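Notes follow once the structure below has been shown.
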Amino acid sequence: MNSALNVAKFGGTSVATYQTMLSCAKIVADNPQTKIVVVSASAGVTNHLVALANSALTSGQIEELVGQINDVELAIVQQLKQADEVNEKLNVLLEELTELAKHEEINFRDDLKDALLSMGERMSSLLFAAVLREFDVPASNFDVRKVLRTDSLFTQAVPELSTIKQLAKNLLIPELAHSVIVTQGFVGADEQGRTTTLGRGGSDFTAALLAEAVDAQTCEIWTDVIGVYTTDPRITDKARPLSELSFEEAAEMATFGAKVLHPATMEPALRQNIRVFVGSSREPEKGGTWIIKNCEHEPSYRAITRRKDQVMVTVKTPKMMYAQGFLQRVFTIIAKHKLSVDLVTTSEISVSFTLDNPPNSVSEKMNKETLAELTTICDVTVEQGYDVVTVVGNNMHSAAGVSSRIFEAVAGFNLRMICFGANPHNLSFVVSNADSDDAVKVLHRNLFE
């Protein structure tokens, strides 16, 4: 495939209305190298779909949520200049959505949940292709499930890279010769053709996977912010956009809380050295952040991230002293229950680690299944109400004074856990969620202002 090929992804706020879609369509029309467009569901739609998939609702509540989704989609289609050509297809999708939402087993079967959750992207891609055609861009709506093959782990499916590559070669690349392909983020299919999803925020990941599969040179992530910032601008108005990041820096930032990037996005980009751009679809003229293999400047401090809703688990037993195999037993249990550990610290007789703690997810598993199994081999303490703050940079483990400057800045805060030295690109610590805003502000003032 032509190495100059570009894949563009537009997030939910970028495709929220007909007017925002027009702005995105102009971005695509202005770059003749953009041949694949990946879209999220229109803003707000996925939240409604999640509620339908996971909540025990009355028939009236179901109808209300479905009605709100209909309103979002119909508000867009009614403004299309050639609405008739997509109206029928949209109505078919809305009928499918309604049937899934009313299915008596929707709250209990992950395969049904994924089918329902995919509907937002399937509708927005249909509509955005029509908007592109209004710009005289030959655009067609392509079902990504034809090429984005995954395993059958519904709601958190794992892509099968070699199969995706082959399917893209056979089914997707031939289509690029005569049209711009508009397809769905976040969505895939297993070998049996059942709809799967890649987890919340997976549209960025989809774009990177497709860029890898077609040997694209660049992948653009268009969102509602002007690139990646030195920290979350909602925490401090002193945050400023960054002109460039390395793949390693971006991966650390995404892993430790930078919402503008999906953590898995960097994996395909790094494998194939695909340049990634992050910019604002509302203000494309203001530029954005390029994520590349090698940056011209690699400062000790690049950015500060915060990862909220962390649970800290401490496992303790006197038997651990000089014992072999205890850590293996602990983390075998963690892996068995499909929990991903972020930070780890150890002492002679105890280990502490952090896990994500979104509502009704990790905390529930820890309190019930995982906690019960861990208590058979050790004493377990579970503490909630924490955030992880991370300083991302370069050569942090070897440059003199880098870590001491960070610790001096946060000397007034109670740091419950510190991880440093395993990676040259970050220093992380755990603080109370009541303190994390102030900790980020103090660090930003001392390191960047």
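Chain labels A, B, ... are given in the sequence in which chains occur in the structure tokens; within each chain residues are numbered consecutively from 1, and ligands are likewise numbered from 1 in the order shown.
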TODO: Excluding range 154-162 of chain A and residues on its chain fewer than 3 positions from it, collect all residues at most 10 Å away from it, counting only C-alpha atoms, and give them as a count of residues only.
DONE: 36
Open item on the list: I want to know what sits within 9 Å of range 7-15 of chain A, based on only C-alpha atoms, with residues of the same chain fewer than 5 positions away left out; could you give that as a PyMOL selection string?
Closed with: chain A and resi 20-24+28+33-46+124+128+185+203-204+206-208+210-211+216-224+280-282
Deliver the residues from the most recent selection as a file, using N, CA and C atoms, as a short mmCIF file (atom, residue, chain, number, x, y, z; two decimals), in the first residue's frame.
```cif
data_model
loop_
_atom_site.label_atom_id
_atom_site.label_comp_id
_atom_site.auth_asym_id
_atom_site.auth_seq_id
_atom_site.Cartn_x
_atom_site.Cartn_y
_atom_site.Cartn_z
N THR A 20 -20.71 19.50 13.67
CA THR A 20 -19.36 19.02 13.99
C THR A 20 -18.87 18.03 12.93
N MET A 21 -19.80 17.26 12.37
CA MET A 21 -19.41 16.34 11.29
C MET A 21 -18.93 17.12 10.07
N LEU A 22 -19.54 18.27 9.79
CA LEU A 22 -19.10 19.10 8.67
C LEU A 22 -17.65 19.53 8.85
N SER A 23 -17.28 19.91 10.09
CA SER A 23 -15.89 20.31 10.36
C SER A 23 -14.94 19.15 10.11
N CYS A 24 -15.36 17.95 10.52
CA CYS A 24 -14.51 16.77 10.32
C CYS A 24 -14.41 16.42 8.84
N VAL A 28 -11.02 15.88 6.34
CA VAL A 28 -10.78 14.74 5.45
C VAL A 28 -10.62 15.22 4.01
N GLN A 33 -4.50 12.31 1.21
CA GLN A 33 -3.88 11.06 1.67
C GLN A 33 -4.78 10.30 2.65
N THR A 34 -5.81 10.96 3.17
CA THR A 34 -6.72 10.28 4.10
C THR A 34 -7.66 9.39 3.32
N LYS A 35 -7.48 8.08 3.48
CA LYS A 35 -8.29 7.12 2.75
C LYS A 35 -9.13 6.23 3.67
N ILE A 36 -8.82 6.25 4.95
CA ILE A 36 -9.63 5.49 5.92
C ILE A 36 -10.01 6.43 7.05
N VAL A 37 -11.28 6.46 7.39
CA VAL A 37 -11.79 7.28 8.49
C VAL A 37 -12.46 6.35 9.50
N VAL A 38 -12.05 6.46 10.75
CA VAL A 38 -12.62 5.67 11.84
C VAL A 38 -13.40 6.63 12.74
N VAL A 39 -14.63 6.28 13.07
CA VAL A 39 -15.44 7.17 13.90
C VAL A 39 -15.92 6.45 15.16
N SER A 40 -16.05 7.25 16.21
CA SER A 40 -16.69 6.79 17.44
C SER A 40 -18.20 6.99 17.31
N ALA A 41 -18.92 6.55 18.33
CA ALA A 41 -20.34 6.88 18.41
C ALA A 41 -20.49 8.37 18.73
N SER A 42 -21.58 8.96 18.29
CA SER A 42 -21.84 10.36 18.62
C SER A 42 -21.86 10.54 20.13
N ALA A 43 -21.35 11.67 20.59
CA ALA A 43 -21.21 11.92 22.03
C ALA A 43 -22.52 11.66 22.77
N GLY A 44 -22.43 10.93 23.86
CA GLY A 44 -23.59 10.63 24.68
C GLY A 44 -24.27 9.32 24.35
N VAL A 45 -24.14 8.86 23.10
CA VAL A 45 -24.83 7.64 22.69
C VAL A 45 -24.29 6.42 23.41
N THR A 46 -22.97 6.30 23.51
CA THR A 46 -22.40 5.12 24.17
C THR A 46 -22.83 5.05 25.63
N SER A 124 -23.05 6.16 13.44
CA SER A 124 -22.28 7.37 13.14
C SER A 124 -21.45 7.21 11.87
N PHE A 128 -21.67 9.72 8.79
CA PHE A 128 -20.51 10.52 8.41
C PHE A 128 -20.12 10.28 6.96
N GLY A 185 -14.95 2.52 14.91
CA GLY A 185 -13.98 2.22 15.93
C GLY A 185 -14.58 1.33 16.99
N SER A 203 -11.71 3.14 20.00
CA SER A 203 -11.69 3.65 18.62
C SER A 203 -10.29 4.10 18.21
N ASP A 204 -9.54 4.69 19.12
CA ASP A 204 -8.14 5.04 18.83
C ASP A 204 -7.35 3.79 18.46
N THR A 206 -8.51 0.99 17.29
CA THR A 206 -8.95 0.52 15.97
C THR A 206 -8.20 1.26 14.87
N ALA A 207 -8.13 2.58 14.99
CA ALA A 207 -7.45 3.37 13.96
C ALA A 207 -6.00 2.94 13.81
N ALA A 208 -5.32 2.72 14.92
CA ALA A 208 -3.91 2.31 14.88
C ALA A 208 -3.77 0.91 14.29
N LEU A 210 -5.78 -0.55 12.09
CA LEU A 210 -6.01 -0.48 10.65
C LEU A 210 -4.85 0.20 9.94
N ALA A 211 -4.27 1.24 10.57
CA ALA A 211 -3.09 1.88 9.99
C ALA A 211 -1.95 0.88 9.83
N ALA A 216 0.03 2.19 6.65
CA ALA A 216 -0.10 3.64 6.57
C ALA A 216 1.11 4.33 7.18
N GLN A 217 1.37 5.54 6.73
CA GLN A 217 2.49 6.32 7.27
C GLN A 217 2.09 7.10 8.51
N THR A 218 0.83 7.58 8.52
CA THR A 218 0.37 8.41 9.64
C THR A 218 -1.01 7.97 10.11
N CYS A 219 -1.29 8.30 11.36
CA CYS A 219 -2.60 8.06 11.95
C CYS A 219 -2.98 9.29 12.74
N GLU A 220 -4.09 9.92 12.38
CA GLU A 220 -4.53 11.14 13.04
C GLU A 220 -5.65 10.83 14.02
N ILE A 221 -5.51 11.34 15.24
CA ILE A 221 -6.54 11.20 16.26
C ILE A 221 -7.14 12.58 16.49
N TRP A 222 -8.36 12.79 16.00
CA TRP A 222 -9.01 14.09 16.12
C TRP A 222 -10.00 14.05 17.27
N THR A 223 -9.85 15.01 18.18
CA THR A 223 -10.66 15.01 19.39
C THR A 223 -11.12 16.44 19.67
N ASP A 224 -11.37 16.78 20.94
CA ASP A 224 -11.86 18.13 21.25
C ASP A 224 -10.82 18.98 21.96
N SER A 280 -7.32 18.98 17.47
CA SER A 280 -8.71 19.34 17.71
C SER A 280 -9.47 19.48 16.40
N SER A 281 -10.55 18.72 16.26
CA SER A 281 -11.37 18.83 15.05
C SER A 281 -12.10 20.17 15.00
N ARG A 282 -12.24 20.82 16.14
CA ARG A 282 -12.88 22.13 16.18
C ARG A 282 -11.94 23.24 15.73
#
```
Task: range 348-356 of chain A surroundings by only C-alpha atoms, 9 Å radius, close-in-sequence under 6 positions cut, as a ChimeraX atom specification - done: /A:307-322,327,339-342,362-363,388,417,430
Write out, as a PDB file, in the first residue's frame, the residues just selected, with N, CA and C atoms.
```
ATOM      1  N   ARG A 307      -4.215   9.183  37.313  1.00  0.00           N
ATOM      2  CA  ARG A 307      -5.135   8.070  37.082  1.00  0.00           C
ATOM      3  C   ARG A 307      -6.017   7.926  38.310  1.00  0.00           C
ATOM      4  N   LYS A 308      -7.302   8.197  38.126  1.00  0.00           N
ATOM      5  CA  LYS A 308      -8.216   8.230  39.260  1.00  0.00           C
ATOM      6  C   LYS A 308      -8.766   6.837  39.585  1.00  0.00           C
ATOM      7  N   ASP A 309      -9.460   6.779  40.735  1.00  0.00           N
ATOM      8  CA  ASP A 309     -10.195   5.578  41.147  1.00  0.00           C
ATOM      9  C   ASP A 309      -9.303   4.345  41.217  1.00  0.00           C
ATOM     10  N   GLN A 310      -8.305   4.430  42.069  1.00  0.00           N
ATOM     11  CA  GLN A 310      -7.400   3.302  42.277  1.00  0.00           C
ATOM     12  C   GLN A 310      -7.697   2.632  43.617  1.00  0.00           C
ATOM     13  N   VAL A 311      -7.573   1.323  43.636  1.00  0.00           N
ATOM     14  CA  VAL A 311      -7.672   0.580  44.888  1.00  0.00           C
ATOM     15  C   VAL A 311      -6.278   0.031  45.193  1.00  0.00           C
ATOM     16  N   MET A 312      -5.835   0.178  46.435  1.00  0.00           N
ATOM     17  CA  MET A 312      -4.527  -0.322  46.846  1.00  0.00           C
ATOM     18  C   MET A 312      -4.723  -1.569  47.695  1.00  0.00           C
ATOM     19  N   VAL A 313      -4.074  -2.632  47.292  1.00  0.00           N
ATOM     20  CA  VAL A 313      -4.198  -3.918  47.972  1.00  0.00           C
ATOM     21  C   VAL A 313      -2.853  -4.266  48.593  1.00  0.00           C
ATOM     22  N   THR A 314      -2.856  -4.626  49.852  1.00  0.00           N
ATOM     23  CA  THR A 314      -1.641  -5.070  50.530  1.00  0.00           C
ATOM     24  C   THR A 314      -1.847  -6.496  51.011  1.00  0.00           C
ATOM     25  N   VAL A 315      -0.958  -7.375  50.597  1.00  0.00           N
ATOM     26  CA  VAL A 315      -0.990  -8.777  51.046  1.00  0.00           C
ATOM     27  C   VAL A 315       0.219  -8.996  51.947  1.00  0.00           C
ATOM     28  N   LYS A 316      -0.013  -9.640  53.077  1.00  0.00           N
ATOM     29  CA  LYS A 316       1.025  -9.728  54.096  1.00  0.00           C
ATOM     30  C   LYS A 316       1.002 -11.097  54.752  1.00  0.00           C
ATOM     31  N   THR A 317       2.178 -11.656  54.962  1.00  0.00           N
ATOM     32  CA  THR A 317       2.304 -12.905  55.707  1.00  0.00           C
ATOM     33  C   THR A 317       3.740 -13.062  56.200  1.00  0.00           C
ATOM     34  N   PRO A 318       3.937 -13.430  57.448  1.00  0.00           N
ATOM     35  CA  PRO A 318       5.295 -13.694  57.942  1.00  0.00           C
ATOM     36  C   PRO A 318       5.970 -14.814  57.171  1.00  0.00           C
ATOM     37  N   LYS A 319       5.168 -15.687  56.574  1.00  0.00           N
ATOM     38  CA  LYS A 319       5.729 -16.811  55.830  1.00  0.00           C
ATOM     39  C   LYS A 319       6.464 -16.361  54.578  1.00  0.00           C
ATOM     40  N   MET A 320       6.236 -15.096  54.177  1.00  0.00           N
ATOM     41  CA  MET A 320       6.872 -14.599  52.965  1.00  0.00           C
ATOM     42  C   MET A 320       8.374 -14.419  53.148  1.00  0.00           C
ATOM     43  N   MET A 321       8.835 -14.173  54.381  1.00  0.00           N
ATOM     44  CA  MET A 321      10.255 -13.911  54.610  1.00  0.00           C
ATOM     45  C   MET A 321      11.093 -15.098  54.154  1.00  0.00           C
ATOM     46  N   TYR A 322      11.996 -14.837  53.247  1.00  0.00           N
ATOM     47  CA  TYR A 322      12.904 -15.833  52.674  1.00  0.00           C
ATOM     48  C   TYR A 322      12.185 -16.949  51.922  1.00  0.00           C
ATOM     49  N   LEU A 327       5.084 -14.633  45.787  1.00  0.00           N
ATOM     50  CA  LEU A 327       4.637 -13.651  44.805  1.00  0.00           C
ATOM     51  C   LEU A 327       3.974 -14.327  43.612  1.00  0.00           C
ATOM     52  N   LEU A 339      -7.435  -9.384  36.447  1.00  0.00           N
ATOM     53  CA  LEU A 339      -7.193  -8.043  36.959  1.00  0.00           C
ATOM     54  C   LEU A 339      -5.794  -7.602  36.561  1.00  0.00           C
ATOM     55  N   SER A 340      -5.665  -6.379  36.124  1.00  0.00           N
ATOM     56  CA  SER A 340      -4.384  -5.852  35.678  1.00  0.00           C
ATOM     57  C   SER A 340      -3.772  -4.967  36.754  1.00  0.00           C
ATOM     58  N   VAL A 341      -2.580  -5.320  37.200  1.00  0.00           N
ATOM     59  CA  VAL A 341      -1.870  -4.574  38.235  1.00  0.00           C
ATOM     60  C   VAL A 341      -1.096  -3.432  37.600  1.00  0.00           C
ATOM     61  N   ASP A 342      -1.131  -2.255  38.235  1.00  0.00           N
ATOM     62  CA  ASP A 342      -0.392  -1.105  37.726  1.00  0.00           C
ATOM     63  C   ASP A 342       0.938  -0.918  38.466  1.00  0.00           C
ATOM     64  N   VAL A 362     -13.605  -3.640  39.323  1.00  0.00           N
ATOM     65  CA  VAL A 362     -12.530  -4.207  40.126  1.00  0.00           C
ATOM     66  C   VAL A 362     -12.920  -4.340  41.586  1.00  0.00           C
ATOM     67  N   SER A 363     -13.554  -3.325  42.140  1.00  0.00           N
ATOM     68  CA  SER A 363     -13.870  -3.365  43.567  1.00  0.00           C
ATOM     69  C   SER A 363     -14.763  -4.542  43.890  1.00  0.00           C
ATOM     70  N   VAL A 388      -3.400   7.763  41.326  1.00  0.00           N
ATOM     71  CA  VAL A 388      -1.979   7.645  40.993  1.00  0.00           C
ATOM     72  C   VAL A 388      -1.560   8.878  40.197  1.00  0.00           C
ATOM     73  N   MET A 417       2.465   5.338  48.423  1.00  0.00           N
ATOM     74  CA  MET A 417       3.198   4.307  47.696  1.00  0.00           C
ATOM     75  C   MET A 417       3.972   4.995  46.585  1.00  0.00           C
ATOM     76  N   VAL A 430       1.178   7.201  44.845  1.00  0.00           N
ATOM     77  CA  VAL A 430      -0.235   7.101  45.196  1.00  0.00           C
ATOM     78  C   VAL A 430      -0.547   8.129  46.275  1.00  0.00           C
TER      79      VAL A 430
END
```
TODO: Can you work out which one of A:Thr305, A:Ser125, A:Thr370, A:Asn6 has the shortest atom-to-atom distance to Thr255 in chain A, counting only C-alpha atoms?
DONE: A:Thr305
- [ ] Determine, counting only C-alpha atoms, which protein, DNA and RNA residues have an atom within 12 Å of an atom of range 434-445 of chain A; residues of the same chain fewer than 5 positions away are not included. Present the result as a PyMOL selection string.
- [x] chain A and resi 229-240+301-310+384-392+403+405-416+428-429
May I have the selected residues written with C-alpha atoms, as a short mmCIF file (atom, residue, chain, number, x, y, z; two decimals), in the first residue's frame?
```cif
data_model
loop_
_atom_site.label_atom_id
_atom_site.label_comp_id
_atom_site.auth_asym_id
_atom_site.auth_seq_id
_atom_site.Cartn_x
_atom_site.Cartn_y
_atom_site.Cartn_z
CA TYR A 229 -1.02 18.76 27.26
CA THR A 230 1.62 18.93 29.97
CA THR A 231 -1.22 17.89 32.29
CA ASP A 232 -5.00 17.81 32.29
CA PRO A 233 -6.03 21.45 31.58
CA ARG A 234 -9.10 20.88 33.75
CA ILE A 235 -6.77 20.64 36.75
CA THR A 236 -4.71 23.75 36.01
CA ASP A 237 -5.14 26.45 33.38
CA LYS A 238 -1.34 26.64 33.20
CA ALA A 239 -1.22 23.37 31.25
CA ARG A 240 0.09 23.82 27.72
CA TYR A 301 10.08 16.19 32.64
CA ARG A 302 7.56 16.03 29.80
CA ALA A 303 4.14 15.84 31.46
CA ILE A 304 2.13 14.93 34.56
CA THR A 305 -0.79 12.52 34.50
CA ARG A 306 -3.35 11.41 37.02
CA ARG A 307 -5.14 8.07 37.08
CA LYS A 308 -8.22 8.23 39.26
CA ASP A 309 -10.19 5.58 41.15
CA GLN A 310 -7.40 3.30 42.28
CA GLN A 384 -9.89 2.71 48.31
CA GLY A 385 -10.08 6.42 47.59
CA TYR A 386 -6.68 6.84 45.93
CA ASP A 387 -5.31 8.31 42.71
CA VAL A 388 -1.98 7.64 40.99
CA VAL A 389 0.02 10.72 39.96
CA THR A 390 2.81 10.15 37.43
CA VAL A 391 5.57 12.39 36.15
CA VAL A 392 6.54 11.32 32.63
CA SER A 403 13.65 12.55 41.47
CA ARG A 405 13.09 17.82 42.67
CA ILE A 406 9.79 15.90 42.37
CA PHE A 407 9.85 14.76 46.00
CA GLU A 408 10.69 18.25 47.23
CA ALA A 409 7.65 19.60 45.37
CA VAL A 410 5.25 17.11 46.98
CA ALA A 411 6.83 17.06 50.43
CA GLY A 412 3.61 18.36 51.95
CA PHE A 413 1.54 15.39 50.78
CA ASN A 414 1.21 11.91 52.23
CA LEU A 415 2.56 9.58 49.55
CA ARG A 416 1.13 6.14 50.28
CA SER A 428 4.59 7.38 40.08
CA PHE A 429 3.11 7.76 43.53
#
```
- [ ] Taking the chain letters and numbering used in this document, name the residues of range 10-144 of chain A that DSSP puts in strand (DSSP E or B), as a VMD selection string.
- [x] chain A and resid 10 34 to 39 139 to 141
Same residues, C-alpha atoms, output as a PDB file, in the first residue's frame:
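File produced: result_29.pdb:
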```
ATOM      1  CA  PHE A  10     -12.779  11.217  14.964  1.00  0.00           C
ATOM      2  CA  THR A  34      -6.715  10.282   4.099  1.00  0.00           C
ATOM      3  CA  LYS A  35      -8.289   7.115   2.747  1.00  0.00           C
ATOM      4  CA  ILE A  36      -9.629   5.492   5.920  1.00  0.00           C
ATOM      5  CA  VAL A  37     -11.787   7.277   8.490  1.00  0.00           C
ATOM      6  CA  VAL A  38     -12.620   5.668  11.842  1.00  0.00           C
ATOM      7  CA  VAL A  39     -15.436   7.166  13.904  1.00  0.00           C
ATOM      8  CA  ALA A 139     -17.071   7.848   0.566  1.00  0.00           C
ATOM      9  CA  SER A 140     -18.531   4.471   1.493  1.00  0.00           C
ATOM     10  CA  ASN A 141     -19.528   2.954   4.809  1.00  0.00           C
TER      11      ASN A 141
END
```
- [ ] Could you check which of A:Val330, A:Cys295, A:Leu427, A:Ala335 is closest to Thr376 in chain A, using only C-alpha atoms?
- [x]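 Nearest candidate to Thr376 in chain A out of A:Val330, A:Cys295, A:Leu427, A:Ala335: A:Val330.
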